[in-house]
Each structure stands twice: as structure tokens, then as C-alpha cells.
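Asks: For reference, this is input18.cif, and it has mmCIF, C-alpha atoms.
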```
data_coords
loop_
_atom_site.label_atom_id
_atom_site.label_comp_id
_atom_site.auth_asym_id
_atom_site.auth_seq_id
_atom_site.Cartn_x
_atom_site.Cartn_y
_atom_site.Cartn_z
CA MET A 6 9.46 -51.25 14.27
CA GLN A 7 9.31 -49.47 10.94
CA MET A 8 5.93 -47.93 11.90
CA GLN A 9 7.38 -46.57 15.18
CA SER A 10 10.34 -45.08 13.34
CA LEU A 11 8.01 -43.44 10.83
CA LEU A 12 5.81 -41.98 13.59
CA LEU A 13 8.85 -40.76 15.51
CA SER A 14 10.30 -38.98 12.45
CA ALA A 15 6.90 -37.40 11.64
CA ALA A 16 6.58 -36.11 15.19
CA LEU A 17 10.13 -34.77 15.14
CA ALA A 18 9.54 -33.05 11.80
CA SER A 19 6.38 -31.35 13.06
CA ILE A 20 8.14 -30.15 16.23
CA LEU A 21 11.09 -28.77 14.27
CA GLY A 22 8.76 -27.21 11.70
CA GLY A 23 6.83 -25.47 14.49
CA CYS A 24 10.06 -24.12 15.99
CA ALA A 25 11.20 -22.85 12.60
CA ALA A 26 7.88 -21.09 12.03
CA GLN A 27 8.12 -19.39 15.44
CA THR A 28 11.68 -18.17 14.86
CA ALA A 29 10.77 -16.94 11.37
CA GLN A 30 7.92 -14.82 12.79
CA GLN A 31 9.86 -13.36 15.71
CA PRO A 32 12.11 -10.94 13.74
CA SER A 33 9.14 -9.39 11.97
CA GLN A 34 7.24 -9.07 15.25
CA ARG A 35 10.29 -7.46 16.86
CA ALA A 36 10.65 -5.09 13.92
CA LEU A 37 7.01 -4.02 14.17
CA ALA A 38 7.24 -3.57 17.95
CA ASP A 39 9.42 -0.47 17.42
CA CYS A 40 6.82 1.25 15.24
CA GLY A 41 5.28 3.24 18.10
CA SER A 42 8.21 5.64 18.38
CA LEU A 43 8.61 5.99 14.62
CA GLY A 44 5.71 8.39 13.95
CA SER A 45 4.81 6.51 10.77
CA ASP A 46 1.18 7.65 10.68
CA GLN A 47 2.28 11.31 10.62
CA THR A 48 4.76 10.56 7.82
CA VAL A 49 2.07 8.79 5.80
CA ALA A 50 -0.45 11.58 6.45
CA THR A 51 2.07 14.10 5.08
CA LEU A 52 2.72 11.83 2.10
CA TYR A 53 -1.01 11.66 1.35
CA SER A 54 -1.57 15.43 1.56
CA PRO A 55 -2.71 17.15 -1.67
CA GLY A 56 0.05 17.73 -4.19
CA LYS A 57 2.61 15.37 -2.63
CA LEU A 58 2.06 12.47 -5.04
CA THR A 59 3.47 13.38 -8.45
CA SER A 60 1.82 10.45 -10.26
CA VAL A 61 0.27 7.03 -9.82
CA GLN A 62 0.28 4.09 -12.23
CA PRO A 63 -1.37 0.69 -12.14
CA THR A 64 0.84 -2.37 -11.92
CA TYR A 65 -0.07 -5.52 -13.79
CA ARG A 66 0.37 -9.24 -13.33
CA GLN A 67 0.13 -11.76 -16.12
CA GLU A 68 -1.12 -15.28 -15.49
CA PHE A 69 0.04 -18.19 -17.56
CA VAL A 70 -2.97 -20.44 -18.20
CA ALA A 71 -1.85 -21.83 -21.54
CA ARG A 72 0.44 -20.74 -24.34
CA ALA A 73 -2.28 -18.69 -26.00
CA ILE A 74 -4.16 -17.79 -22.81
CA GLN A 75 -2.25 -15.34 -20.62
CA PRO A 76 -4.68 -12.87 -19.07
CA ARG A 77 -3.26 -9.66 -17.64
CA TYR A 78 -4.88 -7.89 -14.71
CA VAL A 79 -4.26 -4.97 -12.34
CA SER A 80 -2.32 -6.24 -9.34
CA GLY A 81 -1.76 -2.97 -7.46
CA ALA A 82 -0.34 0.51 -7.92
CA SER A 83 2.90 2.46 -8.02
CA LEU A 84 2.80 5.84 -6.30
CA TYR A 85 5.51 8.40 -7.07
CA VAL A 86 6.57 11.10 -4.64
CA SER A 87 9.33 13.68 -5.12
CA ALA A 88 12.46 13.03 -3.11
CA GLU A 89 12.77 15.44 -0.18
CA PRO A 90 15.69 16.25 2.12
CA GLY A 91 15.88 13.75 4.97
CA LEU A 92 13.40 11.28 3.46
CA THR A 93 15.32 8.11 2.71
CA ARG A 94 14.14 4.98 0.96
CA ALA A 95 14.76 2.87 4.08
CA TYR A 96 12.83 5.24 6.36
CA LEU A 97 9.89 5.48 3.96
CA GLN A 98 9.82 1.67 3.60
CA ARG A 99 9.72 1.27 7.38
CA ALA A 100 7.12 4.00 7.90
CA LEU A 101 4.78 2.50 5.27
CA THR A 102 5.25 -1.03 6.65
CA CYS A 103 4.45 0.17 10.17
CA HIS A 104 1.42 2.11 8.92
CA ALA A 105 0.15 -0.97 7.08
CA ALA A 106 0.52 -3.04 10.25
CA SER A 107 -1.34 -0.47 12.36
CA THR A 108 -5.08 0.13 12.40
CA ALA A 109 -4.83 3.91 12.07
CA SER A 110 -6.53 5.50 9.10
CA VAL A 111 -4.99 8.76 7.92
CA HIS A 112 -7.00 9.20 4.70
CA PRO A 113 -10.28 7.75 3.38
CA SER A 114 -8.55 6.67 0.13
CA ASP A 115 -5.50 5.10 1.80
CA PRO A 116 -4.34 2.30 -0.57
CA LEU A 117 -2.76 0.49 2.39
CA ARG A 118 -6.24 0.04 3.89
CA ALA A 119 -7.51 -2.03 0.96
CA ALA A 120 -8.15 -5.66 1.85
CA GLY A 121 -5.45 -8.02 0.64
CA VAL A 122 -2.30 -5.86 0.56
CA ALA A 123 0.50 -8.39 -0.01
CA SER A 124 3.64 -6.26 -0.27
CA ILE A 125 4.98 -2.71 -0.07
CA THR A 126 8.25 -1.86 -1.78
CA VAL A 127 9.98 1.53 -1.92
CA SER A 128 12.61 2.15 -4.58
CA GLU A 129 14.34 5.12 -6.10
CA ALA A 130 13.14 6.24 -9.52
CA GLY A 131 15.31 9.13 -10.66
CA ALA A 132 14.43 12.23 -8.64
CA ALA A 133 11.43 10.47 -7.11
CA MET A 134 10.60 7.56 -4.84
CA ARG A 135 8.38 4.76 -6.18
CA ILE A 136 6.06 3.11 -3.67
CA SER A 137 4.82 -0.16 -5.12
CA ILE A 138 1.81 -1.72 -3.39
CA GLN A 139 0.79 -5.20 -4.57
CA GLY A 140 -2.41 -7.08 -3.80
CA THR A 141 -2.92 -10.78 -3.23
CA ASP A 142 -5.47 -11.24 -6.01
CA ARG A 143 -7.44 -9.42 -8.74
CA ALA A 144 -9.96 -7.82 -6.39
CA SER A 145 -7.36 -6.48 -3.98
CA GLY A 146 -5.17 -5.20 -6.83
CA LYS A 147 -8.11 -3.35 -8.34
CA ALA A 148 -9.07 -1.87 -4.94
CA ILE A 149 -5.48 -0.68 -4.34
CA TRP A 150 -5.37 0.95 -7.79
CA GLN A 151 -8.75 2.68 -7.32
CA ARG A 152 -7.74 4.06 -3.92
CA ALA A 153 -4.35 5.25 -5.24
CA ARG A 154 -5.99 6.99 -8.20
CA THR A 155 -8.55 8.68 -5.93
CA LEU A 156 -5.78 9.75 -3.56
CA HIS A 157 -3.80 11.30 -6.42
CA GLU A 158 -6.83 13.05 -7.94
CA GLN A 159 -7.92 14.65 -4.68
CA PRO A 160 -8.37 18.38 -5.05
CA GLY A 161 -6.00 20.79 -3.36
CA GLN A 162 -7.14 23.25 -0.76
CA VAL A 163 -9.69 25.66 -2.12
CA SER A 164 -10.89 28.83 -0.45
CA VAL A 165 -14.00 30.72 -1.44
CA GLU A 166 -14.55 34.38 -0.67
CA GLN A 167 -17.63 36.44 -1.40
CA LEU A 168 -16.51 39.79 -2.79
CA SER A 169 -19.88 41.46 -3.13
CA ALA A 170 -23.56 40.77 -3.25
CA ALA A 171 -26.08 42.33 -5.59
CA PRO A 172 -29.37 43.44 -4.09
CA VAL A 173 -32.25 41.14 -4.87
CA GLN A 174 -34.94 42.77 -7.01
CA PRO A 175 -38.46 41.45 -6.41
CA ARG A 176 -40.18 40.17 -9.57
CA PHE A 177 -43.88 40.56 -10.09
#
```
Write the structure described by the file as C-alpha cells, please.

Replies:
Amino acid sequence: MQMQSLLLSAALASILGGCAAQTAQQPSQRALADCGSLGSDQTVATLYSPGKLTSVQPTYRQEFVARAIQPRYVSGASLYVSAEPGLTRAYLQRALTCHAASTASVHPSDPLRAAGVASITVSEAGAAMRISIQGTDRASGKAIWQRARTLHEQPGQVSVEQLSAAPVQPRF
């Protein structure tokens, strides 16, 4: 009798746990379903255009191994963009989350395309917005930081014009 009761409670717990997992996933799936009409990829492409990012900084995580052993490593990056009229923290958070969930690539150095992106957080930092992208482990954090740095260091638009050409003198 005790064995049947134990089996029955284990089965009930697994059924309830499965239902809880499904209901926990549904709001996020519903939230991402509305991304198509948002135009998030265009917003992110504009954000990644030359000169839009004012600065980027690595973010660090410290592991506690022992009292004297606490290694620190790069866990992601913080990207700073000047606040613009109409660009709110909530909209930017949603646009970046939708872009991360999509498969579209808007820039070769997109930090949201690094493997292992764990979280994206947008916050206000004075007259700028801080976009914090965290990785799941050391490798993903380093990849996010490298992509963010490359994105920030991209050259602006350069045009080259030839003003004149000197005649070529044959040499003998």
C-alpha cells in the first residue's frame, strides 16, 4: 500500500510539473509571437550603424572556488547608445529580445549572434541607454565582448575621390 501511494504521488508530481513547465513557457512564446510586426531587425540595424554606439565595455563575473581562489573572467559586454527621441528602454528591450530570438543577421559582428547569449538587459545610464548582454560561460562571454568591440570599432563611411592624375613617365 505504501509503494502504491509513493508511485501515485510521483506520477502526480510529474504531471503537475509538466503542466507548470508548459504554462511557464507560454507567456514567453506569446510575447515572441508579436515580434513580426515590431520591426526589430530594422531597429537593431540602425543601432549597429557606424557612430551609433558611444562606447562598449566588457562585463565580468567572479567565481568563488575557495577563499583565496576567485577567478574573474569576461562574461559579456555593455553597449552604450545615446538616448534618442522616441526610443524608450522598454521598446529597445523588446526589439533586442525579438532580434535575438530571430535568425536574421543584420551585421557580421552582431553580439546577439554569438553562441550562448543568456540575457539581454536595457537600462538607463544618464543620457545614454546601456545594453548589457551576458553569456552562459567563459567562451560565450568572450565571443560577445569581441563582437561588441569589433562592432564599436567599425569605421564610418569613407569616400575616396581622385582629384588628378600625373602622367606616367617611362623610365629607361

Asks: I need the residue nearest Ser80 in chain A from this list: A:Thr108, A:Thr102, A:Gln151, A:Ser42. Use all atoms listed in the file for the distance.

Replies: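 Checking each candidate against Ser80 in chain A, we get A:Gln151 as the closest.
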
Asks: So, with only C-alpha atoms as the atoms that count, which of A:Asp115, A:Ala73, A:Thr48, A:Arg152 lies closest to Gly91 in chain A?

Replies: A:Thr48

Asks: So the first atom is CA of Leu58 in chain A and the second is CA of Ala120 in chain A; what is the distance between them in Å, to one decimal place?

Replies: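 So the answer is 21.9 Å.
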
Asks: At a cut-off of 10 Å, using all atoms listed in the file, what residues contact Gly56 in chain A? Leave out same-chain residues fewer than 2 positions from it and give the result as a ChimeraX atom specification.

Replies: /A:52-54,58-60,86,156-162

Asks: Pick out the closest residue to Arg118 in chain A from this set: A:Ala100, A:Ala148, A:Cys40, A:Arg135. Count all atoms listed in the file.

Replies: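 Checking each of A:Ala100, A:Ala148, A:Cys40, A:Arg135 against Arg118 in chain A, counting all atoms listed in the file, the winner is A:Ala148.
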
Asks: Please compute the CA of His112 in chain A-CA of Ala130 in chain A distance, one decimal, in Å.

Replies: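 Computed distance, CA of His112 in chain A to CA of Ala130 in chain A, equals 24.8 Å.
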
Asks: Could you check how far CA of Val79 in chain A sits from CA of Gln47 in chain A, in Å to one decimal?

Replies: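 CA of Gln47 in chain A lies at a distance of 28.9 Å from CA of Val79 in chain A.
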
Asks: Taking all atoms listed in the file into account, name the residue in A:Leu92, A:Gly41, A:Trp150, A:Arg143 that is nearest to Glu68 in chain A.

Replies: A:Arg143

Asks: Run through the PyMOL selection byres ((chain A and resi 94) around 10) on the given coordinates and return the selected residues as a ChimeraX atom specification.

Replies: /A:88,91-93,95-100,126-129,134-136

Asks: From the coordinates supplied, range 99-129 of chain A should be written with C-alpha atoms, as a tab-separated table (two decimals), in the first residue's frame.

Replies:
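What follows is the written file selection-v8.tsv:
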```
chain	number	residue	atom	x	y	z
A	99	ARG	CA	11.68	44.23	-26.70
A	100	ALA	CA	13.35	44.91	-30.06
A	101	LEU	CA	16.65	43.34	-28.92
A	102	THR	CA	14.86	40.33	-27.40
A	103	CYS	CA	12.92	39.77	-30.62
A	104	HIS	CA	16.08	40.16	-32.70
A	105	ALA	CA	17.90	37.63	-30.51
A	106	ALA	CA	15.03	35.17	-30.96
A	107	SER	CA	15.01	35.60	-34.74
A	108	THR	CA	17.51	34.14	-37.18
A	109	ALA	CA	18.07	37.40	-39.07
A	110	SER	CA	21.60	38.73	-39.21
A	111	VAL	CA	21.89	42.49	-39.58
A	112	HIS	CA	25.66	42.83	-39.04
A	113	PRO	CA	28.61	40.40	-39.24
A	114	SER	CA	29.74	41.45	-35.72
A	115	ASP	CA	26.30	41.24	-34.09
A	116	PRO	CA	26.95	40.35	-30.41
A	117	LEU	CA	23.48	38.77	-30.21
A	118	ARG	CA	24.58	36.16	-32.76
A	119	ALA	CA	27.34	34.78	-30.52
A	120	ALA	CA	26.63	31.28	-29.26
A	121	GLY	CA	25.45	31.16	-25.66
A	122	VAL	CA	23.72	34.52	-25.15
A	123	ALA	CA	21.99	34.12	-21.77
A	124	SER	CA	20.40	37.51	-21.13
A	125	ILE	CA	19.83	40.97	-22.60
A	126	THR	CA	19.06	43.87	-20.29
A	127	VAL	CA	18.46	47.50	-21.24
A	128	SER	CA	18.80	50.18	-18.58
A	129	GLU	CA	19.18	53.93	-18.47
```
